[in-house]
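Asks: Submitted below is the structure of interest, expressed as structure tokens.
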Amino acid sequence: MKPKIYDLSRKISSRLKVFPGDQPFERTVAMSFAKGNHLELSSVRSTLHLGAHADAPSHYHAGGDSIEKRPLSRYIGLTQVVRIKGLKHKERVSPGHVRVEIIAPRILFDTQSFQDPENWNKDFNSLSPELLNWLADKGVKLVGIDTPSVDPHDSKELEAHQILYHRDFAVLEGLYLKD
């Protein structure tokens with residue numbers, strides 16, 4: 001069977017909201033055909049924590065690798081989407097919420113708790129440290145979520161991120177899993 005590639009990102013624009021205090025997306029056009037220039041030329045300024053993205057371990061741990069040191073193979077391959085229903089606001093997904101057999105080394109969680117990225121919602125769901133340890137014990141190497149972070153909006157300890165580092169997970173956040 002021929003592998004399929006799915007685009008799990010939303011269109012990047014200045015309308016996408018970012019964590020409070022972070023740099024929103026900006027595009028500056030230096031040259032354009034519409035202005036009579038001979039080419040299109042622009043620059044962008046933005047947080048890297050925008051829309052669908054991979055967190056580098058160096059983002060959440062002082063000893064973590066930067067993203068170019070992470071093998072691309074961690075992010076490509078057999079993947080399973082797990083839809084989680086009935087969570088309360090700000091609730092962390094735990095092993096008890098997973099009602100399907102884990103059959104892939106890459107698991108993406110669809111919580112449906114951050115459906116409109118143009119309006120910031122600090123009550124999104126996140127992943128529990130217990131879930132991440134449970135998944136690591138099952139051989140999972142990548143986790144993803146349809147929210148801006150695997151940790152709650154106001155977390156300073158970043159417990160889930162610390163498990164990601166210690167269990168050597170790859171992570172994707174801000175995924176668009178609707179379809």
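Each chain of the structure tokens is named A, B, ... in the order shown, its residues numbered from 1; ligands are numbered from 1 in display order.
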Give me the residues near Gln115 (chain A) as a list in words, where near means some atom within 9 Å (using only C-alpha atoms) and where sequence neighbours in that chain fewer than 3 positions away do not count.

Replies: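 Final neighbour list, sorted by chain and number: Gln112, Asp146, Thr147, Tyr176 and Lys178 of chain A.
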
Asks: What would the file look like if the residues just selected were written as a compact mmCIF listing (two decimals), in the first residue's frame with all heavy atoms?

Replies:
# COMPACT_ATOMS: atom_id res chain seq x y z
N GLN A 112 -10.50 18.28 20.51
CA GLN A 112 -11.52 19.24 20.07
C GLN A 112 -11.70 20.37 21.07
O GLN A 112 -12.79 20.93 21.21
CB GLN A 112 -12.84 18.52 19.79
CG GLN A 112 -12.71 17.47 18.73
CD GLN A 112 -13.99 16.69 18.51
OE1 GLN A 112 -15.08 17.13 18.86
NE2 GLN A 112 -13.86 15.52 17.92
N ASP A 146 -3.99 18.52 19.29
CA ASP A 146 -4.64 19.59 18.53
C ASP A 146 -4.76 20.89 19.32
O ASP A 146 -5.60 21.73 19.00
CB ASP A 146 -6.02 19.11 18.05
CG ASP A 146 -6.97 18.79 19.19
OD1 ASP A 146 -6.50 18.58 20.34
OD2 ASP A 146 -8.19 18.73 18.94
N THR A 147 -3.95 21.07 20.32
CA THR A 147 -3.95 22.29 21.14
C THR A 147 -2.57 22.94 21.05
O THR A 147 -1.63 22.34 20.54
CB THR A 147 -4.27 21.95 22.62
OG1 THR A 147 -3.21 21.18 23.17
CG2 THR A 147 -5.60 21.20 22.73
N TYR A 176 -4.18 20.25 13.22
CA TYR A 176 -5.54 20.36 12.71
C TYR A 176 -5.99 18.95 12.35
O TYR A 176 -5.58 18.39 11.33
CB TYR A 176 -5.58 21.28 11.49
CG TYR A 176 -6.95 21.48 10.92
CD1 TYR A 176 -7.94 22.12 11.63
CD2 TYR A 176 -7.25 21.02 9.64
CE1 TYR A 176 -9.20 22.32 11.11
CE2 TYR A 176 -8.51 21.21 9.11
CZ TYR A 176 -9.48 21.85 9.84
OH TYR A 176 -10.73 22.03 9.32
N LYS A 178 -9.37 17.85 12.34
CA LYS A 178 -10.81 17.80 12.10
C LYS A 178 -11.20 16.72 11.08
O LYS A 178 -12.14 15.98 11.29
CB LYS A 178 -11.32 19.16 11.65
CG LYS A 178 -12.81 19.19 11.44
CD LYS A 178 -13.30 20.54 11.03
CE LYS A 178 -14.81 20.49 10.78
NZ LYS A 178 -15.28 21.64 10.09

Asks: Write out as a tab-separated table the residues of region 132-170 of chain A that have any atom within 10 Å of an atom of region 90-108 of chain A, one row each with the nearest atom pair and its distance in Å to one decimal, counting only C-alpha atoms, sorted by chain and then rising number.

Replies:
residue	atom	partner	partner_atom	distance
A:Leu132	CA	A:Ser94	CA	8.5
A:Asn133	CA	A:Pro95	CA	9.4
A:Trp134	CA	A:Pro95	CA	7.0
A:Leu135	CA	A:Ile102	CA	8.2
A:Ala136	CA	A:Pro105	CA	9.1
A:Lys138	CA	A:Ile102	CA	7.7
A:Gly139	CA	A:Pro105	CA	6.1
A:Val140	CA	A:Pro105	CA	4.1
A:Lys141	CA	A:Pro105	CA	5.5
A:Leu142	CA	A:Arg106	CA	4.6
A:Val143	CA	A:Ile107	CA	4.9
A:Gly144	CA	A:Leu108	CA	4.3
A:Ile145	CA	A:Leu108	CA	5.6
A:Asp146	CA	A:Leu108	CA	7.9
A:Val150	CA	A:Arg92	CA	8.7
A:Asp151	CA	A:Arg92	CA	8.1
A:Pro152	CA	A:Lys90	CA	6.7
A:His153	CA	A:Lys90	CA	8.4
A:Ala160	CA	A:Arg92	CA	9.8
A:Phe169	CA	A:Arg106	CA	9.6
A:Ala170	CA	A:Arg106	CA	8.9

Asks: Out of region 5-176 of chain A, which residues get alpha helix (DSSP H) from DSSP, as a ChimeraX atom specification?

Replies: /A:57-60,129-137,159-166

Asks: Filtering to C-alpha atoms, could you give me those residues as an mmCIF file, in the first residue's frame?

Replies:
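This went into again_37.cif:
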data_model
loop_
_atom_site.group_PDB
_atom_site.id
_atom_site.type_symbol
_atom_site.label_atom_id
_atom_site.label_comp_id
_atom_site.auth_asym_id
_atom_site.auth_seq_id
_atom_site.Cartn_x
_atom_site.Cartn_y
_atom_site.Cartn_z
ATOM 1 C CA PRO A 57 13.683 19.486 23.212
ATOM 2 C CA SER A 58 15.811 22.660 23.574
ATOM 3 C CA HIS A 59 12.526 24.612 23.809
ATOM 4 C CA TYR A 60 11.599 22.998 27.130
ATOM 5 C CA PRO A 129 2.553 12.824 32.607
ATOM 6 C CA GLU A 130 0.962 9.429 33.423
ATOM 7 C CA LEU A 131 -0.346 9.160 29.851
ATOM 8 C CA LEU A 132 3.066 9.924 28.378
ATOM 9 C CA ASN A 133 4.829 7.345 30.564
ATOM 10 C CA TRP A 134 2.134 4.781 29.680
ATOM 11 C CA LEU A 135 2.594 5.496 25.958
ATOM 12 C CA ALA A 136 6.394 5.316 26.205
ATOM 13 C CA ASP A 137 6.070 1.899 27.859
ATOM 14 C CA GLU A 159 5.367 18.362 33.637
ATOM 15 C CA ALA A 160 4.328 16.796 30.310
ATOM 16 C CA HIS A 161 7.206 18.463 28.472
ATOM 17 C CA GLN A 162 9.653 17.137 31.066
ATOM 18 C CA ILE A 163 8.387 13.581 30.472
ATOM 19 C CA LEU A 164 8.794 14.180 26.724
ATOM 20 C CA TYR A 165 12.431 15.056 27.354
ATOM 21 C CA HIS A 166 13.208 12.198 29.756
#

Asks: So that I can see what lies close to Ala56 (chain A), please list as a list in words the residues with an atom at most 10 Å from it, counting only C-alpha atoms and leaving out residues fewer than 2 positions away in the same chain.

Replies: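 Contacts, with the query itself left out: His53, Ala54, Ser58, His59, Tyr60, His61, Gly64, Asp65, Ser66, Ile67, Glu68, Lys69, Arg70, Tyr165, Ala170, Val171 and Leu172 of chain A.
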
Asks: Would you please work out which residue, of A:Val29, A:Ile76, A:Leu39, A:Leu50, is nearest to Arg15 (chain A) when using only C-alpha atoms?

Replies: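 Among the listed residues, A:Leu50 lies closest to Arg15 (chain A).
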
Asks: If we count only C-alpha atoms, what is near Asp22 (chain A) at a cut-off of 10 Å, once residues fewer than 4 positions away on the same chain are taken out, given as a compact mmCIF listing (two decimals) with N, CA, C and O atoms, in the first residue's frame?

Replies:
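Saved result, part.txt, follows:
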# COMPACT_ATOMS: atom_id res chain seq x y z
N LYS A 17 -3.87 33.33 16.82
CA LYS A 17 -3.47 33.82 18.14
C LYS A 17 -2.31 32.98 18.66
O LYS A 17 -2.19 31.79 18.35
N VAL A 18 -1.47 33.60 19.48
CA VAL A 18 -0.31 32.92 20.07
C VAL A 18 -0.39 33.08 21.59
O VAL A 18 -1.19 33.86 22.10
N SER A 46 7.87 35.99 13.52
CA SER A 46 6.89 35.22 14.25
C SER A 46 7.56 34.34 15.29
O SER A 46 8.73 33.97 15.16
N THR A 47 6.77 33.94 16.28
CA THR A 47 7.18 32.87 17.15
C THR A 47 7.23 31.58 16.34
O THR A 47 6.49 31.43 15.35
N LEU A 48 8.07 30.66 16.74
CA LEU A 48 8.06 29.34 16.11
C LEU A 48 6.98 28.46 16.71
O LEU A 48 6.70 27.38 16.23
N HIS A 49 6.36 28.93 17.76
CA HIS A 49 5.31 28.21 18.48
C HIS A 49 3.96 28.67 17.93
O HIS A 49 3.09 29.11 18.65
N LEU A 50 3.79 28.56 16.62
CA LEU A 50 2.60 29.07 15.92
C LEU A 50 1.96 27.95 15.11
O LEU A 50 2.64 27.23 14.39

Asks: Write out as a PyMOL selection string which residues come within 12 Å of Tyr6 (chain A) when counting only C-alpha atoms, dropping same-chain ones fewer than 3 positions away.

Replies: chain A and resi 3+9-10+76-79+81+175-179

Asks: Go ahead and save the residues from that selection, with N, CA and C atoms, as a PDB file, in the first residue's frame.

Replies:
ATOM      1  N   PRO A   3       2.052   4.842   0.936  1.00  0.00           N
ATOM      2  CA  PRO A   3       1.824   5.701   2.113  1.00  0.00           C
ATOM      3  C   PRO A   3       1.088   6.981   1.723  1.00  0.00           C
ATOM      4  N   SER A   9      -1.767  21.013   9.276  1.00  0.00           N
ATOM      5  CA  SER A   9      -1.561  22.400   9.696  1.00  0.00           C
ATOM      6  C   SER A   9      -2.681  23.297   9.182  1.00  0.00           C
ATOM      7  N   ARG A  10      -2.851  24.390   9.860  1.00  0.00           N
ATOM      8  CA  ARG A  10      -3.774  25.431   9.413  1.00  0.00           C
ATOM      9  C   ARG A  10      -2.964  26.469   8.641  1.00  0.00           C
ATOM     10  N   ILE A  76       7.751  10.899  10.707  1.00  0.00           N
ATOM     11  CA  ILE A  76       7.117  10.335   9.515  1.00  0.00           C
ATOM     12  C   ILE A  76       6.933   8.837   9.697  1.00  0.00           C
ATOM     13  N   GLY A  77       5.740   8.348   9.374  1.00  0.00           N
ATOM     14  CA  GLY A  77       5.494   6.917   9.437  1.00  0.00           C
ATOM     15  C   GLY A  77       4.124   6.602   9.999  1.00  0.00           C
ATOM     16  N   LEU A  78       3.931   5.351  10.334  1.00  0.00           N
ATOM     17  CA  LEU A  78       2.648   4.860  10.827  1.00  0.00           C
ATOM     18  C   LEU A  78       2.183   5.691  12.020  1.00  0.00           C
ATOM     19  N   THR A  79       0.980   6.232  11.899  1.00  0.00           N
ATOM     20  CA  THR A  79       0.432   7.144  12.903  1.00  0.00           C
ATOM     21  C   THR A  79      -1.016   6.787  13.185  1.00  0.00           C
ATOM     22  N   VAL A  81      -4.586   8.336  15.026  1.00  0.00           N
ATOM     23  CA  VAL A  81      -5.306   9.454  15.623  1.00  0.00           C
ATOM     24  C   VAL A  81      -6.257   8.884  16.667  1.00  0.00           C
ATOM     25  N   LEU A 175      -2.045  20.825  16.068  1.00  0.00           N
ATOM     26  CA  LEU A 175      -2.449  20.069  14.882  1.00  0.00           C
ATOM     27  C   LEU A 175      -3.906  20.321  14.507  1.00  0.00           C
ATOM     28  N   TYR A 176      -4.182  20.248  13.218  1.00  0.00           N
ATOM     29  CA  TYR A 176      -5.545  20.356  12.712  1.00  0.00           C
ATOM     30  C   TYR A 176      -5.990  18.953  12.345  1.00  0.00           C
ATOM     31  N   LEU A 177      -6.824  18.358  13.189  1.00  0.00           N
ATOM     32  CA  LEU A 177      -7.221  16.954  13.036  1.00  0.00           C
ATOM     33  C   LEU A 177      -8.693  16.786  12.688  1.00  0.00           C
ATOM     34  N   LYS A 178      -9.369  17.854  12.335  1.00  0.00           N
ATOM     35  CA  LYS A 178     -10.812  17.798  12.105  1.00  0.00           C
ATOM     36  C   LYS A 178     -11.198  16.725  11.082  1.00  0.00           C
ATOM     37  N   ASP A 179     -10.519  16.672   9.975  1.00  0.00           N
ATOM     38  CA  ASP A 179     -10.879  15.731   8.915  1.00  0.00           C
ATOM     39  C   ASP A 179      -9.993  14.510   8.897  1.00  0.00           C
TER      40      ASP A 179
END

Asks: So which one's closest to Asp123 (chain A), A:His89, A:Ser149, A:Gly21, A:Ile5? Using only C-alpha atoms, please.

Replies: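 For Asp123 (chain A), the nearest of the candidates is A:His89.
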
Asks: Out of region 44-116 of chain A, which residues get strand (DSSP E or B) from DSSP, as a JSON list (two decimals) with N, CA and C atoms, in the first residue's frame?

Replies:
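The resulting file, part-v5.json, is reproduced below:
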[["chain", "number", "residue", "atom", "x", "y", "z"],
["A", 44, "VAL", "N", 9.16, 37.55, 7.12],
["A", 44, "VAL", "CA", 8.21, 37.22, 8.17],
["A", 44, "VAL", "C", 8.90, 37.34, 9.52],
["A", 45, "ARG", "N", 8.09, 37.64, 10.52],
["A", 45, "ARG", "CA", 8.54, 37.67, 11.91],
["A", 45, "ARG", "C", 7.47, 36.96, 12.71],
["A", 53, "HIS", "N", 3.20, 22.73, 14.83],
["A", 53, "HIS", "CA", 4.65, 22.85, 14.95],
["A", 53, "HIS", "C", 5.23, 21.68, 15.75],
["A", 54, "ALA", "N", 6.51, 21.44, 15.55],
["A", 54, "ALA", "CA", 7.26, 20.47, 16.33],
["A", 54, "ALA", "C", 8.07, 21.24, 17.37],
["A", 79, "THR", "N", 0.98, 6.23, 11.90],
["A", 79, "THR", "CA", 0.43, 7.14, 12.90],
["A", 79, "THR", "C", -1.02, 6.79, 13.18],
["A", 80, "GLN", "N", -1.41, 6.98, 14.43],
["A", 80, "GLN", "CA", -2.79, 6.70, 14.85],
["A", 80, "GLN", "C", -3.38, 7.97, 15.46],
["A", 81, "VAL", "N", -4.59, 8.34, 15.03],
["A", 81, "VAL", "CA", -5.31, 9.45, 15.62],
["A", 81, "VAL", "C", -6.26, 8.88, 16.67],
["A", 82, "VAL", "N", -6.18, 9.42, 17.88],
["A", 82, "VAL", "CA", -7.04, 8.99, 18.97],
["A", 82, "VAL", "C", -7.95, 10.16, 19.34],
["A", 83, "ARG", "N", -9.24, 9.98, 19.13],
["A", 83, "ARG", "CA", -10.21, 11.02, 19.45],
["A", 83, "ARG", "C", -10.68, 10.84, 20.90],
["A", 92, "ARG", "N", -6.55, 17.15, 31.74],
["A", 92, "ARG", "CA", -5.45, 16.45, 31.05],
["A", 92, "ARG", "C", -5.92, 15.06, 30.62],
["A", 93, "VAL", "N", -5.52, 14.65, 29.44],
["A", 93, "VAL", "CA", -5.83, 13.32, 28.95],
["A", 93, "VAL", "C", -5.00, 12.32, 29.75],
["A", 106, "ARG", "N", 3.35, 6.44, 16.63],
["A", 106, "ARG", "CA", 3.07, 7.87, 16.64],
["A", 106, "ARG", "C", 1.58, 8.04, 16.92],
["A", 107, "ILE", "N", 1.25, 8.78, 17.97],
["A", 107, "ILE", "CA", -0.14, 8.96, 18.40],
["A", 107, "ILE", "C", -0.48, 10.44, 18.41],
["A", 108, "LEU", "N", -1.58, 10.79, 17.74],
["A", 108, "LEU", "CA", -2.06, 12.16, 17.69],
["A", 108, "LEU", "C", -3.40, 12.23, 18.42],
["A", 109, "PHE", "N", -3.51, 13.15, 19.38],
["A", 109, "PHE", "CA", -4.72, 13.28, 20.18],
["A", 109, "PHE", "C", -5.60, 14.42, 19.68],
["A", 110, "ASP", "N", -6.85, 14.06, 19.38],
["A", 110, "ASP", "CA", -7.86, 15.01, 18.96],
["A", 110, "ASP", "C", -8.78, 15.27, 20.15]]

Asks: Tell me which of A:Ser43, A:Ser128, A:Ser13, A:Asn121 sits closest to Pro148 (chain A), counting only C-alpha atoms.

Replies: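 The answer is A:Asn121, which sits nearest to Pro148 (chain A).
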
Asks: When you count only C-alpha atoms, which of these residues is closest to Gly51 (chain A): A:Phe19, A:Ser155, A:Lys122, A:Ile84?

Replies: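 Closest to Gly51 (chain A), using only C-alpha atoms: A:Phe19.
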
Asks: Report, in Å to a single decimal, how far apart CA of Ile12 (chain A) and CA of Phe124 (chain A) are.

Replies: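 Rounded to one decimal, the two atoms are 20.0 Å apart.
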
Asks: May I ask for the distance between CA of Lys4 (chain A) and CA of Tyr75 (chain A), given in Å to one decimal place?

Replies: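 Those two atoms sit 13.7 Å apart.
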
Asks: Write out as a list in words each polymer residue whose atoms come within 9 Å of Ala30 (chain A), counting only C-alpha atoms; drop sequence neighbours fewer than 5 positions from it.

Replies: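 Counting only C-alpha atoms, the residues come to Glu40, Leu41, Ser42 and Ser43 of chain A.
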